[in-house]
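*Asks:* Got a structure here, written out as structure tokens. Questions coming.
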Amino acid sequence: MKKKKAGSNSPKHTSGHVVALLVIAVVFLFLLTKLPVMEWGGFTTKPIDLFSDIRVDESMLELPGDAVWHDAESDSLFAAQEQPADSVVEKSVTPGDSLTPPRAAVAAPARLDTSMVDAPPRKDGEVVLFEDFSPDGNGLSHLLTAMEQRATLGRPVRIAFLGDSFIEADIFTQDVRSQLQKQYGGCGVGYVSMHSDFPGFRRSVVQSGNGWEVHSVLKPREADWSLMPLQQQYFVPLEEARAQYRGTTRIERADSWTVSRFLFVARNDCSVDLKTGDGSWQSYAVTGSPDVQALEVEGKTNRFDVRTGAIAGFTAIGVWLDDTQGIAVDNISTRGYSGLSLVSIPAARCTQMEAIVPYDAIVLQYGLNVMTPEILHYESYARKMVAVINHLKACYPNTDIILMGVGDRSRKLNGSFTTMPAVLALSRAQRLAAKNAGVVFWDTFAAMGGLNGMVDYVAQKQANKDYTHINHKGGRRLAGEFVKSLEYSLNRNGL
């Protein structure tokens, strides 16, 4: 009988086998992760991902600052009412504003009317229609009348877009503006803030300057809400505060304008320096007042400069770069904002602003900072939005309100990107808000192509790979759909 070779069962030999088996197992599992999703007989395999529990899915991340806000107080009030009898969801939560300003005396309806009987048509061929839920079917009457009278109006027809990071940097709105101005006249980019943290991100105006202390809705406890305008931010000048705006040829009709305005509140007598083009600084005396005032310089120019000192009791609101006729479109975007605290802006301040820069239509584009993948019931959010719309209607009685539904957003499921179910739920809630408030609704989700529309936007390099935000190219595409819908309404009314 042969004797076994001494040392064959040594710990060293055994551990070598174990290491080899572990390496083979890891390689085998790694290869499994590379297998594609397969289908047969009605069954679909699921992807194998060894690191799924620790990997951060970048498609689920927001841009910096896109915080989801939760309003725990109102959630607890509405949660019990929101739960459908046949729902399998444990609870209904409404992301809102964690830090809320003083609430205006405008109450949301106790219950939403969720019936959609005799609802307006949603599409006509390839056109996504403005769904008019107004009682008399004249939800666009102010805008249409202004368009009809634009030749004798004595000012541009003005539309304001209020939104979040979806339209930040004038994405989408810059192309709505240029397309409408090309068709109906006008130039300039309308409202621009005194300061931007990312001035190069916006392509429609070249903005620079320094010395401004920003007070925003994003930090409500640090703001004086008696000063808060529709723009949801204001600016206090520090020593040598200065802002400069220059036109650009990157966007059609954004290279110059004919009226340069600076809006502010000056409680004390002071002076402000303005300059247009390559001219000299001109000093303007200002009489102290608690109301909004404006300094205006007429004449075609491609540059506007504002300069102040650290003036006590002085609050800057922004500048407006416009034409004397045609179309003006204001982009008022706040990254990370849900829009719900608009219910608290002071009506008196809006009245003062309207006398200087009146709006014929206000378009509300919100939702990204409300939507959460796990939540499929947004009725309490819809009630809050009804209150916001009703307050805006009271603040701007001569203005039409258009509520945009949330755009498509995708997440990865079984190895591929698909529309997040929360998109459909939130879009439905926004349509219900428009119905209950009696205003116009525009289905952004449908305008983006419906189910998996964002996937096509990303494939066409018209959206970021977070599958949430469109880029400048995507904004141009979506703007074409919005303008097509508006022109459909104009043509139907013989304009």
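In the structure tokens, the first chain shown is A, the next is B, and so on; residue numbers restart at 1 for each chain, and ligands run from 1 in the order shown.
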Among segment 101-232 of chain A, which ones does DSSP assign to strand (DSSP E) (computed from the backbone)? Answer as a ChimeraX atom specification.

*Replies:* /A:123-124,127-128,131-132,157-163,190-192,206-216

*Asks:* Select from segment 337-357 of chain A every residue with an atom at most 8 Å from any atom of segment 388-395 of chain A, then for each give the shortest pair of atoms and their distance in Å to one decimal, using only C-alpha atoms, rows by chain and rising number, as JSON lines.

*Replies:*
{"residue": "A:Leu340", "atom": "CA", "partner": "A:Val388", "partner_atom": "CA", "distance": 6.4}
{"residue": "A:Ser341", "atom": "CA", "partner": "A:Val388", "partner_atom": "CA", "distance": 7.6}
{"residue": "A:Leu342", "atom": "CA", "partner": "A:Val388", "partner_atom": "CA", "distance": 5.9}
{"residue": "A:Val343", "atom": "CA", "partner": "A:Val388", "partner_atom": "CA", "distance": 4.5}
{"residue": "A:Ala347", "atom": "CA", "partner": "A:Cys395", "partner_atom": "CA", "distance": 4.9}
{"residue": "A:Ala348", "atom": "CA", "partner": "A:Cys395", "partner_atom": "CA", "distance": 7.8}
{"residue": "A:Cys350", "atom": "CA", "partner": "A:Cys395", "partner_atom": "CA", "distance": 6.0}
{"residue": "A:Thr351", "atom": "CA", "partner": "A:Cys395", "partner_atom": "CA", "distance": 6.7}

*Asks:* Go through segment 130-303 of chain A and collect every residue that DSSP, computed from the backbone, puts in helix (DSSP H, G or I); the answer should be as number ranges by chain.

*Replies:* A: 141-148, 165-170, 173-184, 199-201, 220-222

*Asks:* Give me, as a PDB file with C-alpha atoms, in the first residue's frame, all polymer residues having an atom no more than 12 Å from segment 448-453 of chain A, counting only C-alpha atoms and skipping those fewer than 6 positions away in the same chain.

*Replies:*
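Written file, result_34.pdb:
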ATOM      1  CA  GLU A 126     -50.943  65.574 -32.356  1.00  0.00           C
ATOM      2  CA  VAL A 127     -51.810  68.766 -30.474  1.00  0.00           C
ATOM      3  CA  VAL A 128     -51.959  68.559 -26.670  1.00  0.00           C
ATOM      4  CA  GLY A 405     -48.704  68.920 -15.229  1.00  0.00           C
ATOM      5  CA  VAL A 406     -45.449  67.326 -14.160  1.00  0.00           C
ATOM      6  CA  GLY A 407     -43.209  66.101 -16.977  1.00  0.00           C
ATOM      7  CA  ASP A 408     -42.194  62.494 -17.456  1.00  0.00           C
ATOM      8  CA  ARG A 409     -39.560  61.035 -15.148  1.00  0.00           C
ATOM      9  CA  SER A 410     -38.016  57.575 -15.336  1.00  0.00           C
ATOM     10  CA  ARG A 411     -36.386  55.100 -12.994  1.00  0.00           C
ATOM     11  CA  LYS A 412     -34.550  51.859 -13.642  1.00  0.00           C
ATOM     12  CA  SER A 416     -34.254  49.363 -18.162  1.00  0.00           C
ATOM     13  CA  PHE A 417     -35.680  52.835 -17.585  1.00  0.00           C
ATOM     14  CA  THR A 418     -39.424  53.286 -17.445  1.00  0.00           C
ATOM     15  CA  THR A 419     -41.908  55.973 -16.392  1.00  0.00           C
ATOM     16  CA  MET A 420     -42.207  56.313 -12.632  1.00  0.00           C
ATOM     17  CA  PRO A 421     -45.804  55.454 -11.567  1.00  0.00           C
ATOM     18  CA  VAL A 423     -45.693  60.697 -12.472  1.00  0.00           C
ATOM     19  CA  LEU A 424     -49.139  59.524 -13.534  1.00  0.00           C
ATOM     20  CA  SER A 427     -50.278  64.498 -13.069  1.00  0.00           C
ATOM     21  CA  TRP A 442     -51.663  71.611 -19.884  1.00  0.00           C
ATOM     22  CA  ALA A 459     -31.853  58.949 -26.199  1.00  0.00           C
ATOM     23  CA  GLN A 460     -32.066  62.111 -28.323  1.00  0.00           C
ATOM     24  CA  GLN A 462     -32.486  66.268 -24.981  1.00  0.00           C
ATOM     25  CA  ALA A 463     -32.476  65.449 -21.267  1.00  0.00           C
ATOM     26  CA  TYR A 467     -34.021  60.972 -16.405  1.00  0.00           C
ATOM     27  CA  THR A 468     -35.672  63.901 -14.627  1.00  0.00           C
ATOM     28  CA  HIS A 469     -34.501  67.206 -16.134  1.00  0.00           C
ATOM     29  CA  ILE A 470     -34.668  68.250 -19.762  1.00  0.00           C
ATOM     30  CA  GLY A 474     -35.189  69.254 -24.811  1.00  0.00           C
ATOM     31  CA  GLY A 475     -36.546  72.620 -23.751  1.00  0.00           C
ATOM     32  CA  ARG A 476     -36.673  73.699 -27.384  1.00  0.00           C
ATOM     33  CA  ARG A 477     -38.598  70.558 -28.300  1.00  0.00           C
ATOM     34  CA  LEU A 478     -41.097  70.918 -25.456  1.00  0.00           C
ATOM     35  CA  ALA A 479     -41.487  74.659 -26.126  1.00  0.00           C
ATOM     36  CA  GLY A 480     -42.573  73.797 -29.656  1.00  0.00           C
ATOM     37  CA  GLU A 481     -45.376  71.677 -28.217  1.00  0.00           C
ATOM     38  CA  PHE A 482     -46.495  74.436 -25.839  1.00  0.00           C
TER      39      PHE A 482
END

*Asks:* For Gly211 of chain A, work out the shell of residues within 12 Å, counting only C-alpha atoms and skipping chain neighbours fewer than 5 positions away, then give it as a PDB file with N, CA and C atoms, in the first residue's frame.

*Replies:*
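And here's out.pdb as it stands now:
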ATOM      1  N   MET A 194     -31.370  89.928  -9.564  1.00  0.00           N
ATOM      2  CA  MET A 194     -30.190  90.757  -9.316  1.00  0.00           C
ATOM      3  C   MET A 194     -28.930  89.909  -9.175  1.00  0.00           C
ATOM      4  N   HIS A 195     -29.105  88.656  -8.803  1.00  0.00           N
ATOM      5  CA  HIS A 195     -27.946  87.777  -8.576  1.00  0.00           C
ATOM      6  C   HIS A 195     -28.304  86.345  -8.933  1.00  0.00           C
ATOM      7  N   SER A 196     -27.355  85.622  -9.498  1.00  0.00           N
ATOM      8  CA  SER A 196     -27.509  84.198  -9.788  1.00  0.00           C
ATOM      9  C   SER A 196     -26.264  83.455  -9.336  1.00  0.00           C
ATOM     10  N   PHE A 235     -33.644  91.190  -2.882  1.00  0.00           N
ATOM     11  CA  PHE A 235     -32.207  91.380  -2.706  1.00  0.00           C
ATOM     12  C   PHE A 235     -31.924  92.675  -1.946  1.00  0.00           C
ATOM     13  N   VAL A 236     -31.057  92.573  -0.948  1.00  0.00           N
ATOM     14  CA  VAL A 236     -30.642  93.741  -0.176  1.00  0.00           C
ATOM     15  C   VAL A 236     -29.238  94.126  -0.622  1.00  0.00           C
ATOM     16  N   PRO A 237     -29.020  95.380  -1.037  1.00  0.00           N
ATOM     17  CA  PRO A 237     -27.700  95.764  -1.524  1.00  0.00           C
ATOM     18  C   PRO A 237     -26.694  95.950  -0.390  1.00  0.00           C
ATOM     19  N   LEU A 238     -25.503  95.455  -0.611  1.00  0.00           N
ATOM     20  CA  LEU A 238     -24.386  95.689   0.281  1.00  0.00           C
ATOM     21  C   LEU A 238     -23.524  96.795  -0.315  1.00  0.00           C
ATOM     22  N   GLU A 239     -22.402  97.067   0.278  1.00  0.00           N
ATOM     23  CA  GLU A 239     -21.543  98.131  -0.238  1.00  0.00           C
ATOM     24  C   GLU A 239     -21.107  97.828  -1.667  1.00  0.00           C
ATOM     25  N   GLU A 240     -21.244  98.811  -2.548  1.00  0.00           N
ATOM     26  CA  GLU A 240     -20.844  98.683  -3.955  1.00  0.00           C
ATOM     27  C   GLU A 240     -21.620  97.579  -4.678  1.00  0.00           C
ATOM     28  N   ALA A 241     -22.889  97.419  -4.335  1.00  0.00           N
ATOM     29  CA  ALA A 241     -23.726  96.433  -5.042  1.00  0.00           C
ATOM     30  C   ALA A 241     -23.877  96.846  -6.506  1.00  0.00           C
ATOM     31  N   ARG A 242     -23.742  95.845  -7.369  1.00  0.00           N
ATOM     32  CA  ARG A 242     -23.788  96.143  -8.801  1.00  0.00           C
ATOM     33  C   ARG A 242     -24.290  94.920  -9.568  1.00  0.00           C
ATOM     34  N   ALA A 243     -25.033  95.179 -10.638  1.00  0.00           N
ATOM     35  CA  ALA A 243     -25.509  94.099 -11.513  1.00  0.00           C
ATOM     36  C   ALA A 243     -25.418  94.563 -12.952  1.00  0.00           C
ATOM     37  N   GLN A 244     -25.014  93.649 -13.820  1.00  0.00           N
ATOM     38  CA  GLN A 244     -24.869  93.975 -15.240  1.00  0.00           C
ATOM     39  C   GLN A 244     -25.559  92.892 -16.074  1.00  0.00           C
ATOM     40  N   VAL A 306     -26.826  98.354 -13.189  1.00  0.00           N
ATOM     41  CA  VAL A 306     -27.434  98.929 -11.993  1.00  0.00           C
ATOM     42  C   VAL A 306     -26.371  99.011 -10.913  1.00  0.00           C
ATOM     43  N   ARG A 307     -26.329 100.145 -10.188  1.00  0.00           N
ATOM     44  CA  ARG A 307     -25.341 100.306  -9.125  1.00  0.00           C
ATOM     45  C   ARG A 307     -25.975 101.046  -7.948  1.00  0.00           C
ATOM     46  N   THR A 308     -25.804 100.516  -6.767  1.00  0.00           N
ATOM     47  CA  THR A 308     -26.284 101.185  -5.554  1.00  0.00           C
ATOM     48  C   THR A 308     -25.214 101.056  -4.474  1.00  0.00           C
ATOM     49  N   GLY A 309     -25.393 101.791  -3.389  1.00  0.00           N
ATOM     50  CA  GLY A 309     -24.583 101.572  -2.202  1.00  0.00           C
ATOM     51  C   GLY A 309     -25.373 100.718  -1.234  1.00  0.00           C
ATOM     52  N   ALA A 310     -24.869 100.607  -0.018  1.00  0.00           N
ATOM     53  CA  ALA A 310     -25.578  99.870   1.032  1.00  0.00           C
ATOM     54  C   ALA A 310     -26.645 100.782   1.611  1.00  0.00           C
ATOM     55  N   ILE A 311     -27.750 100.937   0.905  1.00  0.00           N
ATOM     56  CA  ILE A 311     -28.790 101.898   1.263  1.00  0.00           C
ATOM     57  C   ILE A 311     -29.707 101.295   2.321  1.00  0.00           C
ATOM     58  N   ALA A 316     -34.150  95.426  -3.521  1.00  0.00           N
ATOM     59  CA  ALA A 316     -34.222  95.268  -4.973  1.00  0.00           C
ATOM     60  C   ALA A 316     -35.061  94.036  -5.312  1.00  0.00           C
TER      61      ALA A 316
END

*Asks:* Work out how far apart atom CA of Phe445 of chain A and atom CA of Phe201 of chain A are and give it in Å to one decimal.

*Replies:*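 Atom CA of Phe445 of chain A sits 24.8 Å away from atom CA of Phe201 of chain A.
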
*Asks:* What are the closest atom pairs, with distances in Å to one decimal, for all residues of segment 334-417 of chain A lying within 9 Å of segment 156-169 of chain A? Consider only C-alpha atoms, order rows by chain and residue number, and present the result as a Markdown table.

*Replies:*
| residue | atom | partner | partner_atom | distance |
| --- | --- | --- | --- | --- |
| A:Thr334 | CA | A:Asp164 | CA | 4.8 |
| A:Arg335 | CA | A:Ser165 | CA | 4.5 |
| A:Gly336 | CA | A:Asp164 | CA | 6.2 |
| A:Tyr337 | CA | A:Asp164 | CA | 5.7 |
| A:Ser338 | CA | A:Asp164 | CA | 7.3 |
| A:Gly339 | CA | A:Gly163 | CA | 7.3 |
| A:Val357 | CA | A:Arg158 | CA | 8.1 |
| A:Pro358 | CA | A:Arg158 | CA | 7.0 |
| A:Tyr359 | CA | A:Arg158 | CA | 5.0 |
| A:Asp360 | CA | A:Arg158 | CA | 5.5 |
| A:Ala361 | CA | A:Ile159 | CA | 4.9 |
| A:Ile362 | CA | A:Ala160 | CA | 4.8 |
| A:Val363 | CA | A:Phe161 | CA | 4.7 |
| A:Leu364 | CA | A:Leu162 | CA | 5.0 |
| A:Gln365 | CA | A:Gly163 | CA | 4.5 |
| A:Tyr366 | CA | A:Gly163 | CA | 5.2 |
| A:Gly367 | CA | A:Asp164 | CA | 8.1 |
| A:Leu368 | CA | A:Asp164 | CA | 7.5 |
| A:Asn369 | CA | A:Asp164 | CA | 8.0 |
| A:Gly407 | CA | A:Phe166 | CA | 8.6 |

*Asks:* Please dump the current selection as a short mmCIF file (atom, residue, chain, number, x, y, z; two decimals), in the first residue's frame; keep C-alpha atoms.

*Replies:*
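The result, stored in part34.cif:
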data_model
loop_
_atom_site.label_atom_id
_atom_site.label_comp_id
_atom_site.auth_asym_id
_atom_site.auth_seq_id
_atom_site.Cartn_x
_atom_site.Cartn_y
_atom_site.Cartn_z
CA THR A 334 -36.60 78.45 -7.98
CA ARG A 335 -34.59 75.27 -7.70
CA GLY A 336 -35.87 72.90 -5.04
CA TYR A 337 -39.23 74.65 -4.62
CA SER A 338 -42.72 73.12 -4.55
CA GLY A 339 -44.70 76.31 -5.18
CA VAL A 357 -45.40 94.77 -15.09
CA PRO A 358 -48.92 93.38 -15.62
CA TYR A 359 -49.34 89.70 -16.52
CA ASP A 360 -51.90 88.40 -18.98
CA ALA A 361 -51.17 84.79 -18.01
CA ILE A 362 -49.28 83.03 -15.22
CA VAL A 363 -48.13 79.48 -15.93
CA LEU A 364 -47.37 77.26 -12.92
CA GLN A 365 -44.80 74.51 -13.52
CA TYR A 366 -44.14 72.54 -10.34
CA GLY A 367 -44.04 68.93 -9.22
CA LEU A 368 -40.48 67.60 -9.24
CA ASN A 369 -40.01 68.47 -5.59
CA GLY A 407 -43.21 66.10 -16.98
#
